[in-house]
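Participant: Please find one structure pasted underneath; my questions will follow.
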Amino acid sequence: MRKRVQWPILVGLLLPLAGAAALLLWLGSAAARANILLITVDSLRADHLGAYGYPRSTSPNLDALARSGVRFTGAFTQATLSGPAHATLLTSLPVPAHGVVNNSVILGLENLTLAEVLRAAGYETAMFVSDVFVSHQFGFAQGFDQFQLHPVGHHGPRHRHLEMPEPVSSPAAVFDHARAWLARPHAKPFFLWLHAQHPHESYDPPAPYDQKFAAPPASAHDLRCMHTTAAHQRRRIRLNDAERGYLEALYDGEIAYVDSQVGQILSGLRAAGLEDHTIVALTADHGEMLFDDPDRRLVGHGRHRFDPVLRVPLLVRAPGVGGGERIETMVGLIDLAPTLLELAGIQVPAFFVGRSLVPLIRGNQDEIRSENYSCTIHTDSKARLSLRTARRKLICDKGPSQLPCQLYDLDRDPREQQDLTRDRRYARDFVRLRAALQAWFAEQMERGRVRPGRLDLKAKELLRRAGYLEPEEEQGS
């Protein structure tokens, strides 16, 4: 007579074995996963790279990366300041939801970051940054086994570099340390985040890049000083065409310098035999205004929401991904974390708001984003918002004193020169977009329970010492 199988006992015996087998399978797959190299470049305009049609030779190495990977021509940031933009990139949450609404706010521990997800999946993680506002001091080291800050100085009559919160490093220091870290043996797959501060204002590239595209004109102004450009914006001084052209040449010189350093990083990957096993993504936190407005006076990014600031480069190269593809669909920095996770074969957290771009990379054009929202809430408690669709752009301020919105027809006016809020032909578009923007902002504010207006004293001192708090509390990172 056969004995009846005691299923509860058998299941109890097999479950631990199955769990152990699953763990071994998971560990094996983790070891075989691709490495991830994420490079973010501060204030980098997409349209100043050769891969995006720029005539100057600013970016031969980035152009080569674009030819070997995928280039997104419709990528947009969700914030115009470094802290909020990077927080969105790393958490895949909109600005009000993660709470980092400006550079004075620390990224809270309640947020789950890309680095934390990757470390839990068995990755070795490291970050090397050159901007204090995306460093460990502001909560951005969550999930990183190793983190280093190498702040760079800025040229100007106040000698801002002498007042930086940390000892000033050379512009190459962050790249040098990242290369050294890449060159050492890695027992596990790695995630390396490298952030370059250039070409952030003030435009002051090291030699010979300071005269790569133009020689300095005869001028009474210190054209490498961000305080000079601020005075020009406020109409305290006037810059002529030659001076504006030289500032743009300095900006391009900084791009060329960063490109040369990124080229060495990518060469180091090849030399170490890691190129074919590493996902590389390069993007920017935001772009930069370079006198693109009708009055030719707007420089910088923090308070501007025009496309030169919102549009960013996005280059992705991964094993098995075809080279040289160009994707024009509108995407955002909020989509990058889920994209990197899917490319690495790691499950994307359900509460990430961004959508993986892998279907787009594989040719599924049904994955289309119809709009892009941006938000920063400055230390004056005023929210600076924008909503961009494929054909329209709405810019609004929301705060103690309401300022008029601005509406642009991107089909007829891609450079955003003519405000159409008073044009009756666009009244329906204006009402619809403003309602959508207000509803989105209210939803995200509630989701994050953001209470803007309180500026941490330590953060305020860092902002002041680094030169980002002007008399009108102008922020520029």
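Here's how to read the names in the structure tokens: chain A, B, ... by the order shown, residue numbers from 1 in each chain, ligand numbers from 1 in the order shown.
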Among the residues of stretch 145-296 of chain A, find those DSSP assigns to strand (DSSP E or B) from the backbone and print them as a list in words.
Facilitator: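 Selecting the strand (DSSP E or B) positions of stretch 145-296 of chain A gives Gln146, Phe147, Gln148, Leu149, Val152, Ser169, Phe190, Phe191, Leu192, Trp193, Leu194, His195, Ala196, Thr278, Ile279, Val280, Ala281, Leu282, Thr283, Ala284, Met289 and Leu290 of chain A.
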Participant: For stretch 272-281 of chain A, list every protein, DNA or RNA residue within 6 Å, evaluated using only C-alpha atoms, and leave out those in the same chain fewer than 2 positions away; present the list as a PyMOL selection string.
Facilitator: chain A and resi 34-38+269-270+315-318
Participant: Restricted to C-alpha atoms, what would the selected residues look like written as a PDB file, in the first residue's frame?
Facilitator:
```
ATOM      1  CA  ALA A  34      25.849  45.219 -18.064  1.00  0.00           C
ATOM      2  CA  ASN A  35      27.650  48.023 -16.280  1.00  0.00           C
ATOM      3  CA  ILE A  36      26.052  51.483 -16.390  1.00  0.00           C
ATOM      4  CA  LEU A  37      27.916  54.746 -16.940  1.00  0.00           C
ATOM      5  CA  LEU A  38      25.759  57.860 -16.554  1.00  0.00           C
ATOM      6  CA  LEU A 269      36.296  51.919 -21.027  1.00  0.00           C
ATOM      7  CA  ARG A 270      37.719  50.497 -24.252  1.00  0.00           C
ATOM      8  CA  LEU A 315      22.603  59.840 -26.002  1.00  0.00           C
ATOM      9  CA  VAL A 316      22.281  56.155 -25.096  1.00  0.00           C
ATOM     10  CA  ARG A 317      24.608  53.355 -26.141  1.00  0.00           C
ATOM     11  CA  ALA A 318      23.971  49.823 -24.943  1.00  0.00           C
TER      12      ALA A 318
END
```
Participant: Give me the residues near A:Phe191 as a count of residues only, where near means some atom within 12 Å (using only C-alpha atoms) and where sequence neighbours in that chain fewer than 3 positions away do not count.
Facilitator: 41
Participant: Using only C-alpha atoms, which residues sit within 10 Å of A:Pro217 once same-chain residues fewer than 6 positions away are excluded, as a PyMOL selection string?
Facilitator: chain A and resi 223+242-243+245-246
Participant: Would you save the residues from that selection as a JSON list (two decimals), in the first residue's frame, using C-alpha atoms?
Facilitator:
```json
[["chain", "number", "residue", "atom", "x", "y", "z"],
["A", 223, "LEU", "CA", 33.16, 88.79, -20.13],
["A", 242, "ALA", "CA", 31.16, 91.16, -30.54],
["A", 243, "GLU", "CA", 30.94, 90.72, -26.77],
["A", 245, "GLY", "CA", 29.62, 86.44, -29.70],
["A", 246, "TYR", "CA", 32.70, 86.01, -27.54]]
```
Participant: Can you list, as a list in words, every protein, DNA or RNA residue that comes within 7 Å of A:Leu433 when you count only C-alpha atoms, leaving out same-chain residues fewer than 4 positions away?
Facilitator: Leu394, Asp429 and Leu437 of chain A
Participant: Just N, CA and C atoms for this one: save the residues we selected as an mmCIF file, in the first residue's frame.
Facilitator:
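Here's the written file out_22.cif:
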```cif
data_model
loop_
_atom_site.group_PDB
_atom_site.id
_atom_site.type_symbol
_atom_site.label_atom_id
_atom_site.label_comp_id
_atom_site.auth_asym_id
_atom_site.auth_seq_id
_atom_site.Cartn_x
_atom_site.Cartn_y
_atom_site.Cartn_z
ATOM 1 N N LEU A 394 3.310 76.647 -23.181
ATOM 2 C CA LEU A 394 2.716 77.573 -22.217
ATOM 3 C C LEU A 394 3.675 77.730 -21.051
ATOM 4 N N ASP A 429 -6.733 77.186 -27.052
ATOM 5 C CA ASP A 429 -5.481 76.516 -26.660
ATOM 6 C C ASP A 429 -4.997 77.017 -25.302
ATOM 7 N N LEU A 437 -2.026 72.582 -16.957
ATOM 8 C CA LEU A 437 -0.840 72.897 -16.166
ATOM 9 C C LEU A 437 -1.198 73.100 -14.697
#
```
Participant: Which is closest to A:Pro199 among A:Leu62, A:Leu44, A:Ala230, A:Leu107, if we use only C-alpha atoms?
Facilitator: A:Leu44
Participant: List the neighbours of A:Tyr426 out to 12 Å using only C-alpha atoms; skip same-chain residues closer than 2 positions along the sequence, and give me the result as a list in words.
Facilitator: Arg392, Lys393, Leu394, Gln406, Leu407, Tyr408, Asp409, Asp419, Leu420, Thr421, Arg422, Asp423, Arg424, Arg428, Asp429, Phe430, Val431, Arg432 and Leu433 of chain A
Participant: Any chance you could export the current selection's C-alpha atoms as a CSV table (one decimal), in the first residue's frame?
Facilitator:
```
chain,number,residue,atom,x,y,z
A,392,ARG,CA,2.4,74.7,-28.3
A,393,LYS,CA,4.3,76.0,-25.3
A,394,LEU,CA,2.7,77.6,-22.2
A,406,GLN,CA,3.1,83.3,-22.2
A,407,LEU,CA,1.8,81.1,-25.1
A,408,TYR,CA,3.8,80.2,-28.1
A,409,ASP,CA,2.9,78.5,-31.4
A,419,ASP,CA,3.6,85.7,-27.1
A,420,LEU,CA,0.1,84.8,-28.2
A,421,THR,CA,-1.9,85.0,-24.9
A,422,ARG,CA,-3.9,87.9,-26.2
A,423,ASP,CA,-4.5,86.5,-29.6
A,424,ARG,CA,-8.1,85.4,-29.8
A,428,ARG,CA,-9.1,77.8,-26.7
A,429,ASP,CA,-5.5,76.5,-26.7
A,430,PHE,CA,-4.6,78.9,-23.9
A,431,VAL,CA,-7.5,77.9,-21.6
A,432,ARG,CA,-7.0,74.2,-22.2
A,433,LEU,CA,-3.2,74.3,-21.6
```
Participant: Which residues of stretch 85-175 of chain A sit at most 10 Å from stretch 282-295 of chain A, using only C-alpha atoms? Give each one's shortest atom pair and distance in Å (one decimal place), in chain and ascending residue order, as JSON lines.
Facilitator:
```
{"residue": "A:Ala85", "atom": "CA", "partner": "A:Asp285", "partner_atom": "CA", "distance": 5.4}
{"residue": "A:His86", "atom": "CA", "partner": "A:Asp285", "partner_atom": "CA", "distance": 6.2}
{"residue": "A:Ala87", "atom": "CA", "partner": "A:Asp285", "partner_atom": "CA", "distance": 9.7}
{"residue": "A:Thr88", "atom": "CA", "partner": "A:Asp285", "partner_atom": "CA", "distance": 9.5}
{"residue": "A:Leu89", "atom": "CA", "partner": "A:Asp285", "partner_atom": "CA", "distance": 8.4}
```
Participant: Neighbouring residues of A:Gly323 were defined as those with any atom within 8 Å, considering only C-alpha atoms; residues of the same chain fewer than 4 positions away were excluded. Please report them as a ChimeraX atom specification.
Facilitator: /A:66-70,317
